[in-house]
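**Q** Below is work_10.pdb; it holds PDB, C-alpha atoms and all ligand atoms.
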```
ATOM      1  CA  MET Y   1      53.618 -31.626  -0.230
ATOM      2  CA  ILE Y   2      52.532 -30.772   3.319
ATOM      3  CA  TYR Y   3      49.170 -32.067   4.596
ATOM      4  CA  TRP Y   4      47.532 -30.173   7.462
ATOM      5  CA  LEU Y   5      45.323 -31.836  10.076
ATOM      6  CA  GLU Y   6      43.357 -30.149  12.869
ATOM      7  CA  SER Y   7      43.728 -33.166  15.123
ATOM      8  CA  VAL Y   8      45.277 -36.617  14.813
ATOM      9  CA  ASP Y   9      46.384 -39.345  17.212
ATOM     10  CA  SER Y  10      50.027 -39.270  16.046
ATOM     11  CA  THR Y  11      51.452 -37.711  12.883
ATOM     12  CA  ASN Y  12      54.062 -40.505  12.765
ATOM     13  CA  ARG Y  13      51.384 -43.213  12.894
ATOM     14  CA  CYS Y  14      49.177 -41.411  10.390
ATOM     15  CA  LEU Y  15      52.042 -40.916   7.944
ATOM     16  CA  PHE Y  16      52.850 -44.645   8.012
ATOM     17  CA  ALA Y  17      49.175 -45.452   7.415
ATOM     18  CA  ARG Y  18      49.017 -43.171   4.345
ATOM     19  CA  ARG Y  19      52.215 -44.528   2.693
ATOM     20  CA  LEU Y  20      53.079 -41.109   1.278
ATOM     21  CA  PRO Y  21      56.148 -40.559  -0.941
ATOM     22  CA  ARG Y  22      59.484 -39.283   0.290
ATOM     23  CA  TRP Y  23      59.524 -35.654   1.500
ATOM     24  CA  ASP Y  24      55.765 -35.484   1.938
ATOM     25  CA  ALA Y  25      54.850 -34.324   5.430
ATOM     26  CA  LEU Y  26      51.946 -34.136   7.862
ATOM     27  CA  VAL Y  27      51.517 -31.289  10.320
ATOM     28  CA  ALA Y  28      48.860 -31.426  13.029
ATOM     29  CA  ARG Y  29      47.499 -28.652  15.201
ATOM     30  CA  GLU Y  30      47.238 -31.131  18.081
ATOM     31  CA  GLN Y  31      47.896 -34.824  18.696
ATOM     32  CA  THR Y  32      45.770 -36.955  20.995
ATOM     33  CA  GLU Y  33      48.284 -39.818  21.288
ATOM     34  CA  GLY Y  34      51.606 -38.226  20.433
ATOM     35  CA  ARG Y  35      54.498 -40.654  20.699
ATOM     36  CA  GLY Y  36      57.778 -39.867  22.441
ATOM     37  CA  ARG Y  37      61.045 -41.754  22.600
ATOM     38  CA  ARG Y  38      61.424 -44.927  24.646
ATOM     39  CA  GLY Y  39      57.709 -45.688  24.600
ATOM     40  CA  ARG Y  40      56.748 -42.443  26.300
ATOM     41  CA  SER Y  41      53.885 -40.220  25.231
ATOM     42  CA  TRP Y  42      54.405 -36.721  23.831
ATOM     43  CA  GLU Y  43      51.972 -34.131  25.176
ATOM     44  CA  SER Y  44      50.740 -32.289  22.094
ATOM     45  CA  PRO Y  45      48.285 -29.496  22.912
ATOM     46  CA  VAL Y  46      47.352 -26.710  20.488
ATOM     47  CA  GLY Y  47      50.282 -24.281  20.434
ATOM     48  CA  GLY Y  48      53.041 -26.634  19.279
ATOM     49  CA  LEU Y  49      54.346 -27.933  15.970
ATOM     50  CA  TYR Y  50      53.754 -31.654  15.439
ATOM     51  CA  MET Y  51      55.181 -32.758  12.166
ATOM     52  CA  SER Y  52      56.273 -35.966  10.449
ATOM     53  CA  VAL Y  53      58.257 -36.217   7.224
ATOM     54  CA  VAL Y  54      58.889 -39.237   5.005
ATOM     55  CA  VAL Y  55      62.637 -39.636   4.575
ATOM     56  CA  GLU Y  56      65.288 -42.118   3.555
ATOM     57  CA  ASN Y  57      66.552 -44.003   6.578
ATOM     58  CA  ASP Y  58      70.122 -43.561   7.717
ATOM     59  CA  SER Y  59      71.788 -44.080  11.085
ATOM     60  CA  LEU Y  60      72.281 -40.339  11.547
ATOM     61  CA  LEU Y  61      68.668 -39.449  10.732
ATOM     62  CA  PRO Y  62      67.618 -38.555  14.309
ATOM     63  CA  LEU Y  63      70.595 -36.219  14.601
ATOM     64  CA  ARG Y  64      70.022 -34.705  11.168
ATOM     65  CA  ALA Y  65      66.337 -34.074  11.968
ATOM     66  CA  GLY Y  66      67.250 -32.509  15.318
ATOM     67  CA  LEU Y  67      69.745 -30.144  13.709
ATOM     68  CA  ALA Y  68      67.284 -29.260  10.930
ATOM     69  CA  ALA Y  69      64.627 -28.315  13.503
ATOM     70  CA  ARG Y  70      67.189 -26.400  15.558
ATOM     71  CA  ASP Y  71      68.504 -24.415  12.617
ATOM     72  CA  ALA Y  72      64.997 -23.561  11.371
ATOM     73  CA  LEU Y  73      63.787 -22.459  14.813
ATOM     74  CA  GLN Y  74      66.846 -20.492  15.950
ATOM     75  CA  PRO Y  75      66.041 -17.284  13.987
ATOM     76  CA  HIS Y  76      62.763 -17.066  15.954
ATOM     77  CA  CYS Y  77      64.352 -17.397  19.390
ATOM     78  CA  SER Y  78      66.501 -14.972  21.362
ATOM     79  CA  GLU Y  79      67.939 -17.729  23.581
ATOM     80  CA  ARG Y  80      70.491 -20.026  21.999
ATOM     81  CA  ILE Y  81      68.994 -23.383  21.057
ATOM     82  CA  GLY Y  82      71.256 -26.364  21.652
ATOM     83  CA  LEU Y  83      71.035 -30.105  21.060
ATOM     84  CA  LYS Y  84      71.333 -32.914  23.572
ATOM     85  CA  TRP Y  85      72.298 -36.283  22.141
ATOM     86  CA  PRO Y  86      70.610 -37.986  20.564
ATOM     87  CA  ASN Y  87      67.860 -35.547  19.637
ATOM     88  CA  ASP Y  88      66.525 -33.124  22.225
ATOM     89  CA  LEU Y  89      66.300 -29.411  21.466
ATOM     90  CA  LEU Y  90      67.188 -27.431  24.573
ATOM     91  CA  CYS Y  91      67.158 -23.858  25.802
ATOM     92  CA  VAL Y  92      68.416 -22.577  29.137
ATOM     93  CA  SER Y  93      64.818 -22.733  30.345
ATOM     94  CA  GLY Y  94      64.252 -26.407  29.423
ATOM     95  CA  LYS Y  95      63.409 -28.857  26.647
ATOM     96  CA  LEU Y  96      61.981 -27.119  23.629
ATOM     97  CA  GLY Y  97      61.433 -30.111  21.413
ATOM     98  CA  GLY Y  98      62.242 -33.678  20.512
ATOM     99  CA  ILE Y  99      62.596 -36.013  17.559
ATOM    100  CA  LEU Y 100      61.206 -39.512  17.114
ATOM    101  CA  CYS Y 101      62.387 -41.376  14.012
ATOM    102  CA  GLU Y 102      60.534 -44.596  13.251
ATOM    103  CA  ILE Y 103      60.945 -47.210  10.531
ATOM    104  CA  ASP Y 104      58.349 -49.500   8.999
ATOM    105  CA  GLY Y 105      59.806 -51.684   6.253
ATOM    106  CA  GLU Y 106      61.139 -49.413   3.516
ATOM    107  CA  LEU Y 107      59.548 -46.326   5.005
ATOM    108  CA  ALA Y 108      61.300 -44.042   7.482
ATOM    109  CA  VAL Y 109      59.595 -41.160   9.212
ATOM    110  CA  ALA Y 110      61.189 -38.278  11.095
ATOM    111  CA  GLY Y 111      58.739 -36.972  13.700
ATOM    112  CA  ILE Y 112      59.419 -33.518  15.101
ATOM    113  CA  GLY Y 113      57.653 -32.039  18.113
ATOM    114  CA  LEU Y 114      58.287 -28.421  19.125
ATOM    115  CA  ASN Y 115      56.709 -26.556  22.048
ATOM    116  CA  LEU Y 116      55.995 -23.094  20.711
ATOM    117  CA  ALA Y 117      53.317 -21.332  22.762
ATOM    118  CA  GLY Y 118      51.051 -21.808  25.757
ATOM    119  CA  GLU Y 119      51.925 -23.599  28.982
ATOM    120  CA  PRO Y 120      54.960 -25.930  28.810
ATOM    121  CA  PRO Y 121      53.254 -29.321  28.385
ATOM    122  CA  ILE Y 122      55.260 -31.118  31.116
ATOM    123  CA  GLU Y 123      57.729 -30.354  33.887
ATOM    124  CA  GLY Y 124      61.185 -29.662  32.520
ATOM    125  CA  ALA Y 125      59.795 -28.477  29.196
ATOM    126  CA  THR Y 126      59.834 -24.942  27.890
ATOM    127  CA  THR Y 127      58.265 -23.198  24.925
ATOM    128  CA  LEU Y 128      59.563 -20.862  22.252
ATOM    129  CA  GLU Y 129      57.506 -18.067  23.841
ATOM    130  CA  ALA Y 130      58.877 -18.762  27.323
ATOM    131  CA  ALA Y 131      62.377 -18.610  25.787
ATOM    132  CA  GLY Y 132      61.638 -15.101  24.510
ATOM    133  CA  GLY Y 133      60.783 -16.072  20.953
ATOM    134  CA  SER Y 134      57.729 -16.197  18.734
ATOM    135  CA  LEU Y 135      56.584 -16.884  15.197
ATOM    136  CA  PRO Y 136      55.146 -13.956  13.224
ATOM    137  CA  PRO Y 137      51.399 -13.640  13.888
ATOM    138  CA  ALA Y 138      49.028 -14.883  11.202
ATOM    139  CA  ALA Y 139      45.306 -15.257  10.599
ATOM    140  CA  ASP Y 140      45.282 -18.994  11.269
ATOM    141  CA  TRP Y 141      47.504 -21.761  12.596
ATOM    142  CA  GLN Y 142      48.468 -23.209   9.206
ATOM    143  CA  VAL Y 143      49.632 -19.863   7.836
ATOM    144  CA  ARG Y 144      51.554 -19.297  11.074
ATOM    145  CA  LEU Y 145      53.325 -22.668  11.057
ATOM    146  CA  GLU Y 146      53.888 -23.035   7.303
ATOM    147  CA  PRO Y 147      57.166 -21.050   7.060
ATOM    148  CA  LEU Y 148      58.677 -22.989   9.971
ATOM    149  CA  ALA Y 149      57.541 -26.393   8.653
ATOM    150  CA  THR Y 150      58.875 -25.549   5.186
ATOM    151  CA  ALA Y 151      62.189 -24.315   6.600
ATOM    152  CA  ILE Y 152      62.651 -27.540   8.616
ATOM    153  CA  ILE Y 153      62.052 -29.700   5.532
ATOM    154  CA  ALA Y 154      64.361 -27.563   3.392
ATOM    155  CA  ARG Y 155      67.140 -27.745   5.989
ATOM    156  CA  LEU Y 156      66.658 -31.497   6.413
ATOM    157  CA  ARG Y 157      66.957 -31.956   2.644
ATOM    158  CA  GLU Y 158      70.310 -30.157   2.786
ATOM    159  CA  LEU Y 159      71.545 -32.086   5.801
ATOM    160  CA  VAL Y 160      70.702 -35.580   4.505
ATOM    161  CA  ARG Y 161      72.918 -34.916   1.482
ATOM    162  CA  LEU Y 162      75.993 -34.268   3.629
ATOM    163  CA  PRO Y 163      78.429 -37.124   4.146
ATOM    164  CA  ALA Y 164      78.593 -38.171   7.825
ATOM    165  CA  PRO Y 165      81.875 -36.393   8.740
ATOM    166  CA  GLU Y 166      80.705 -33.129   7.184
ATOM    167  CA  PHE Y 167      77.300 -33.357   8.841
ATOM    168  CA  LEU Y 168      78.870 -34.121  12.234
ATOM    169  CA  ALA Y 169      81.068 -31.046  11.964
ATOM    170  CA  HIS Y 170      77.862 -28.945  11.854
ATOM    171  CA  TYR Y 171      76.103 -31.015  14.518
ATOM    172  CA  ARG Y 172      79.005 -30.810  16.985
ATOM    173  CA  VAL Y 173      78.801 -27.017  17.162
ATOM    174  CA  HIS Y 174      75.421 -27.284  18.873
ATOM    175  CA  GLU Y 175      75.789 -30.519  20.872
ATOM    176  CA  GLN Y 176      75.813 -29.572  24.550
ATOM    177  CA  LEU Y 177      77.067 -32.822  26.063
ATOM    178  CA  LEU Y 178      80.498 -32.858  24.408
ATOM    179  CA  GLY Y 179      83.322 -32.305  26.876
ATOM    180  CA  GLN Y 180      80.858 -32.539  29.790
ATOM    181  CA  PRO Y 181      80.502 -35.085  32.609
ATOM    182  CA  VAL Y 182      77.469 -37.236  31.802
ATOM    183  CA  ALA Y 183      75.503 -40.043  33.415
ATOM    184  CA  TRP Y 184      73.333 -42.778  31.924
ATOM    185  CA  GLU Y 185      71.619 -45.893  33.150
ATOM    186  CA  GLY Y 186      74.539 -48.017  34.269
ATOM    187  CA  GLY Y 187      77.423 -45.586  34.040
ATOM    188  CA  CYS Y 188      78.998 -42.177  34.028
ATOM    189  CA  GLY Y 189      81.899 -40.540  32.256
ATOM    190  CA  THR Y 190      82.790 -37.662  29.973
ATOM    191  CA  ALA Y 191      81.153 -37.231  26.575
ATOM    192  CA  LEU Y 192      83.888 -37.085  23.949
ATOM    193  CA  ALA Y 193      82.428 -37.284  20.451
ATOM    194  CA  VAL Y 194      79.612 -38.466  18.199
ATOM    195  CA  GLY Y 195      80.651 -41.203  15.772
ATOM    196  CA  ILE Y 196      79.680 -41.572  12.112
ATOM    197  CA  ASP Y 197      76.974 -44.083  13.119
ATOM    198  CA  GLY Y 198      75.491 -41.539  15.559
ATOM    199  CA  ALA Y 199      76.786 -43.243  18.717
ATOM    200  CA  LEU Y 200      78.057 -41.130  21.621
ATOM    201  CA  GLU Y 201      81.623 -41.850  22.691
ATOM    202  CA  VAL Y 202      82.222 -41.480  26.418
ATOM    203  CA  ARG Y 203      85.368 -41.855  28.469
ATOM    204  CA  THR Y 204      84.772 -43.802  31.679
ATOM    205  CA  ALA Y 205      87.068 -44.813  34.531
ATOM    206  CA  ASP Y 206      87.573 -48.142  32.702
ATOM    207  CA  GLY Y 207      88.213 -46.851  29.177
ATOM    208  CA  THR Y 208      85.930 -45.833  26.318
ATOM    209  CA  GLU Y 209      82.306 -46.784  25.724
ATOM    210  CA  TRP Y 210      80.007 -46.127  22.784
ATOM    211  CA  LEU Y 211      76.384 -45.412  23.684
ATOM    212  CA  HIS Y 212      73.937 -46.239  20.902
ATOM    213  CA  ALA Y 213      70.635 -45.262  22.500
ATOM    214  CA  GLY Y 214      69.112 -44.280  25.788
ATOM    215  CA  GLU Y 215      68.894 -41.351  28.096
ATOM    216  CA  VAL Y 216      72.042 -39.408  28.886
ATOM    217  CA  SER Y 217      72.075 -36.424  31.212
ATOM    218  CA  LEU Y 218      74.641 -33.946  32.454
ATOM    219  CA  ALA Y 219      76.120 -35.390  35.668
TER
HETATM  220  C1  LIG R 301      60.927 -37.217  22.417
HETATM  221  O1  LIG R 301      60.487 -38.082  23.194
HETATM  222  O2  LIG R 301      61.725 -36.346  22.796
HETATM  223  C2  LIG R 301      60.502 -37.240  20.973
HETATM  224  C3  LIG R 301      59.165 -36.606  20.768
HETATM  225  C4  LIG R 301      58.718 -36.601  19.312
HETATM  226  C5  LIG R 301      57.322 -36.034  19.156
HETATM  227  C6  LIG R 301      56.924 -35.901  17.718
HETATM  228  S1  LIG R 301      55.499 -34.881  17.520
HETATM  229  C7  LIG R 301      55.368 -35.348  15.849
HETATM  230  C8  LIG R 301      55.680 -36.828  15.778
HETATM  231  N1  LIG R 301      54.488 -37.620  16.004
HETATM  232  C9  LIG R 301      54.559 -38.316  17.145
HETATM  233  O3  LIG R 301      53.663 -39.064  17.572
HETATM  234  N2  LIG R 301      55.728 -38.078  17.758
HETATM  235  C10 LIG R 301      56.568 -37.190  16.983
END
```
If you took the structure in this file and wrote it as structure tokens, what would it be?

**A**
Amino acid sequence: MIYWLESVDSTNRCLFARRLPRWDALVAREQTEGRGRRGRSWESPVGGLYMSVVVENDSLLPLRAGLAARDALQPHCSERIGLKWPNDLLCVSGKLGGILCEIDGELAVAGIGLNLAGEPPIEGATTLEAAGGSLPPAADWQVRLEPLATAIIARLRELVRLPAPEFLAHYRVHEQLLGQPVAWEGGCGTALAVGIDGALEVRTADGTEWLHAGEVSLA
């Protein structure tokens, strides 16, 4: 079941508060205190998709949610949508969306934020419209977003069933860091692979390192 809210502080926070069953979801038209990764905020004006889904936790969940959002959005976009480990959705023109997975006890939530229309909310961001895409017009925002929200959930349901090696074979096709020189806080190297626990393997001057979290950019 998908619940629709005109405005909420954060769909992730609200979903935790409601203790909904697995695969229920909240979609908001705007968020007033959207949460981003690493304690950042997520600008969430009208014109985006802000959605949280109750899921079973697993170490690959952020990657699975990113690929689900990518696959559901791609048919609406003329530019190719790629992924940047661990869970950014990127177009040539910038960051199109991000994923924030949070856990509270038994409950895991996959939060998905996509910039669809209007001004890019921050520098370095883009929108589906700016990338030459759009969703079919509809009388109101819920009717417009419903097919995309449903497609993301359906794709995520497929992806969580895949064993890690099979899932990673799909994920790898879209991961833009692999084979590229990358830099992170405290190091640089070449991104080699994503492991079955979701870590990024990088080759450095001193050998191999596994990155488990953090910000990695193309060097
Ligand atoms: C990132 O920093 O790249 C992740 C952003 C995740 C934003 C989404 S919007 C829906 C859900 N609710 C939140 O408060 N955050 C996530």

**Q** If we count only C-alpha atoms and set the cut-off at 12 Å, which residues sit around Y:Gln142, ignoring sequence neighbours fewer than 4 positions away in its own chain? Please answer as a list in words.

**A** Ile2, Tyr3, Trp4, Leu5, Glu6, Leu26, Val27, Ala28, Arg29, Glu30, Val46, Gly47, Gly48, Leu49, Tyr50, Leu135, Pro137, Ala138, Glu146, Pro147, Leu148, Ala149 and Thr150 of chain Y

**Q** Pick the closest to ligand LIG 301 (chain R) from Y:Ala130, Y:Cys101, Y:Val216, Y:Val54: which is it, counting only C-alpha atoms and all ligand atoms?

**A** Y:Cys101

**Q** Determine, using only C-alpha atoms and all ligand atoms, which residues of chain Y have any atom at most 8 Å from an atom of ligand LIG 301 (chain R), and tabulate each with its shortest atom pair and distance in Å to one decimal place, rows ordered by chain and then rising number, as a tab-separated table.

**A**
```
residue	atom	partner	partner_atom	distance
Y:Asp9	CA	R:LIG301	O3	7.3
Y:Ser10	CA	R:LIG301	O3	3.9
Y:Thr11	CA	R:LIG301	N1	4.4
Y:Asn12	CA	R:LIG301	N1	4.4
Y:Arg13	CA	R:LIG301	O3	6.7
Y:Val27	CA	R:LIG301	C7	7.9
Y:Gln31	CA	R:LIG301	O3	7.2
Y:Glu33	CA	R:LIG301	O3	6.6
Y:Gly34	CA	R:LIG301	O3	3.6
Y:Arg35	CA	R:LIG301	O3	3.6
Y:Gly36	CA	R:LIG301	O1	3.3
Y:Arg37	CA	R:LIG301	O1	3.8
Y:Arg38	CA	R:LIG301	O1	7.1
Y:Arg40	CA	R:LIG301	O1	6.5
Y:Ser41	CA	R:LIG301	O1	7.2
Y:Trp42	CA	R:LIG301	C5	5.6
Y:Ser44	CA	R:LIG301	S1	7.1
Y:Leu49	CA	R:LIG301	S1	7.2
Y:Tyr50	CA	R:LIG301	C7	4.1
Y:Met51	CA	R:LIG301	C7	4.5
Y:Ser52	CA	R:LIG301	C8	5.4
Y:Asn87	CA	R:LIG301	O2	6.9
Y:Asp88	CA	R:LIG301	O2	5.8
Y:Gly97	CA	R:LIG301	O2	6.4
Y:Gly98	CA	R:LIG301	O2	3.5
Y:Ile99	CA	R:LIG301	C2	4.2
Y:Leu100	CA	R:LIG301	C4	4.4
Y:Cys101	CA	R:LIG301	C10	7.8
Y:Ala110	CA	R:LIG301	C8	7.4
Y:Gly111	CA	R:LIG301	C8	3.7
Y:Ile112	CA	R:LIG301	C6	4.3
Y:Gly113	CA	R:LIG301	S1	3.6
Y:Leu114	CA	R:LIG301	S1	7.2
```

**Q** Can you work out the spacing between atom CA of Y:Glu158 and atom CA of Y:Leu128 in Å, to one decimal?

**A**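 Atom-to-atom, atom CA of Y:Glu158 and atom CA of Y:Leu128 are spaced 24.1 Å apart.
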
**Q** Can you work out the spacing between atom CA of Y:Leu116 and atom CA of Y:Ala65 in Å, to one decimal?

**A**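 One can read the atom CA of Y:Leu116 to atom CA of Y:Ala65 distance as 17.4 Å.
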
**Q** Using all atoms listed in the file, find the one residue out of Y:Gly214, Y:Gly94, Y:Gly105, Y:Gly82 that sits nearest to Y:Phe16.

**A** Y:Gly105

**Q** Mind dumping a table of every stretch 58-78 of chain Y residue within 10 Å of stretch 195-201 of chain Y, with the nearest atom pair and its distance in Å to one decimal, using all atoms listed in the file, sorted by chain and rising number, as JSON lines?

**A**
```
{"residue": "Y:Asp58", "atom": "CA", "partner": "Y:Asp197", "partner_atom": "CA", "distance": 8.7}
{"residue": "Y:Ser59", "atom": "CA", "partner": "Y:Asp197", "partner_atom": "CA", "distance": 5.6}
{"residue": "Y:Leu60", "atom": "CA", "partner": "Y:Gly198", "partner_atom": "CA", "distance": 5.3}
{"residue": "Y:Leu61", "atom": "CA", "partner": "Y:Gly198", "partner_atom": "CA", "distance": 8.6}
{"residue": "Y:Pro62", "atom": "CA", "partner": "Y:Gly198", "partner_atom": "CA", "distance": 8.5}
{"residue": "Y:Leu63", "atom": "CA", "partner": "Y:Gly198", "partner_atom": "CA", "distance": 7.3}
{"residue": "Y:Arg64", "atom": "CA", "partner": "Y:Gly198", "partner_atom": "CA", "distance": 9.8}
```

**Q** Find the distance between atom CA of Y:Gly179 and atom CA of Y:Pro86 and write it in Å to one decimal.

**A**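 Here the two named atoms are 15.3 Å from each other.
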
**Q** Might you pull out every residue within 7 Å of Y:Arg203, with only C-alpha atoms counted and same-chain residues fewer than 6 positions away left off, and present them as a ChimeraX atom specification?

**A** /Y:189-192,209

**Q** Please identify all polymer residues within 10 Å of Y:Glu185, counting all atoms listed in the file, omitting same-chain residues fewer than 2 positions from it, and present them as a list in words.

**A**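 Non-adjacent residues within range: Ala183, Gly187, Cys188, Gly214, Glu215, Val216 and Ser217 of chain Y.
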
**Q** Using C-alpha atoms, can you export the residues from the last selection as an mmCIF file, in the coordinates of the input?

**A**
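out_6.cif was written with the following content:
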```cif
data_model
loop_
_atom_site.group_PDB
_atom_site.id
_atom_site.type_symbol
_atom_site.label_atom_id
_atom_site.label_comp_id
_atom_site.auth_asym_id
_atom_site.auth_seq_id
_atom_site.Cartn_x
_atom_site.Cartn_y
_atom_site.Cartn_z
ATOM 1 C CA ALA Y 183 75.503 -40.043 33.415
ATOM 2 C CA GLY Y 187 77.423 -45.586 34.040
ATOM 3 C CA CYS Y 188 78.998 -42.177 34.028
ATOM 4 C CA GLY Y 214 69.112 -44.280 25.788
ATOM 5 C CA GLU Y 215 68.894 -41.351 28.096
ATOM 6 C CA VAL Y 216 72.042 -39.408 28.886
ATOM 7 C CA SER Y 217 72.075 -36.424 31.212
#
```

**Q** I want to know what sits within 7 Å of Y:Cys91, based on all atoms listed in the file, with residues of the same chain fewer than 5 positions away left out; could you give that as a list in words?

**A**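 The contact residues come out as Glu79, Arg80, Ile81, Gly82 and Leu96 of chain Y.
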
**Q** Counting only C-alpha atoms, write as a list in words all protein and nucleic acid residues lying at most 9 Å from (63.9, -25.8, 12.3) in the file's frame.

**A**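 All residues meeting the 9 Å criterion around (63.9, -25.8, 12.3) are Ala65, Gly66, Leu67, Ala68, Ala69, Arg70, Asp71, Ala72, Leu73, Gln74, Pro75, Leu148, Ala149, Thr150, Ala151, Ile152, Ile153, Arg155 and Leu156 of chain Y.
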
**Q** The centre and edge lengths of an axis-aligned box containing all atoms of stretch 184-191 of chain Y present in the file, extended by 4 Å on each side, are to be given in Å to one decimal, as JSON.

**A**
```
{"center_x": 77.2, "center_y": -42.6, "center_z": 30.4, "size_x": 19.2, "size_y": 18.8, "size_z": 15.7}
```

**Q** Report the residues retrieved by the PyMOL selection byres (((chain Y and resi 55) around 6) and not hetatm) from the displayed file, expressed as a list in words.

**A** Arg22, Trp23, Val54, Glu56, Ala108 and Val109 of chain Y

**Q** Compare Y:Glu123, Y:Asp24, Y:Asp104, Y:Asp140 by their minimum atom-to-atom distance to Y:Arg157, counting all atoms listed in the file, and give me the closest one.

**A**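 Result for the nearest residue to Y:Arg157: Y:Asp24.
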
**Q** Identify, on the basis of all atoms listed in the file, every residue whose closest approach to Y:Leu218 does not exceed 9 Å; exclude the query and any residue fewer than 2 positions from it along the same chain; express the result as an MDAnalysis selection string.

**A** chainID Y and resid 177 180:184 216
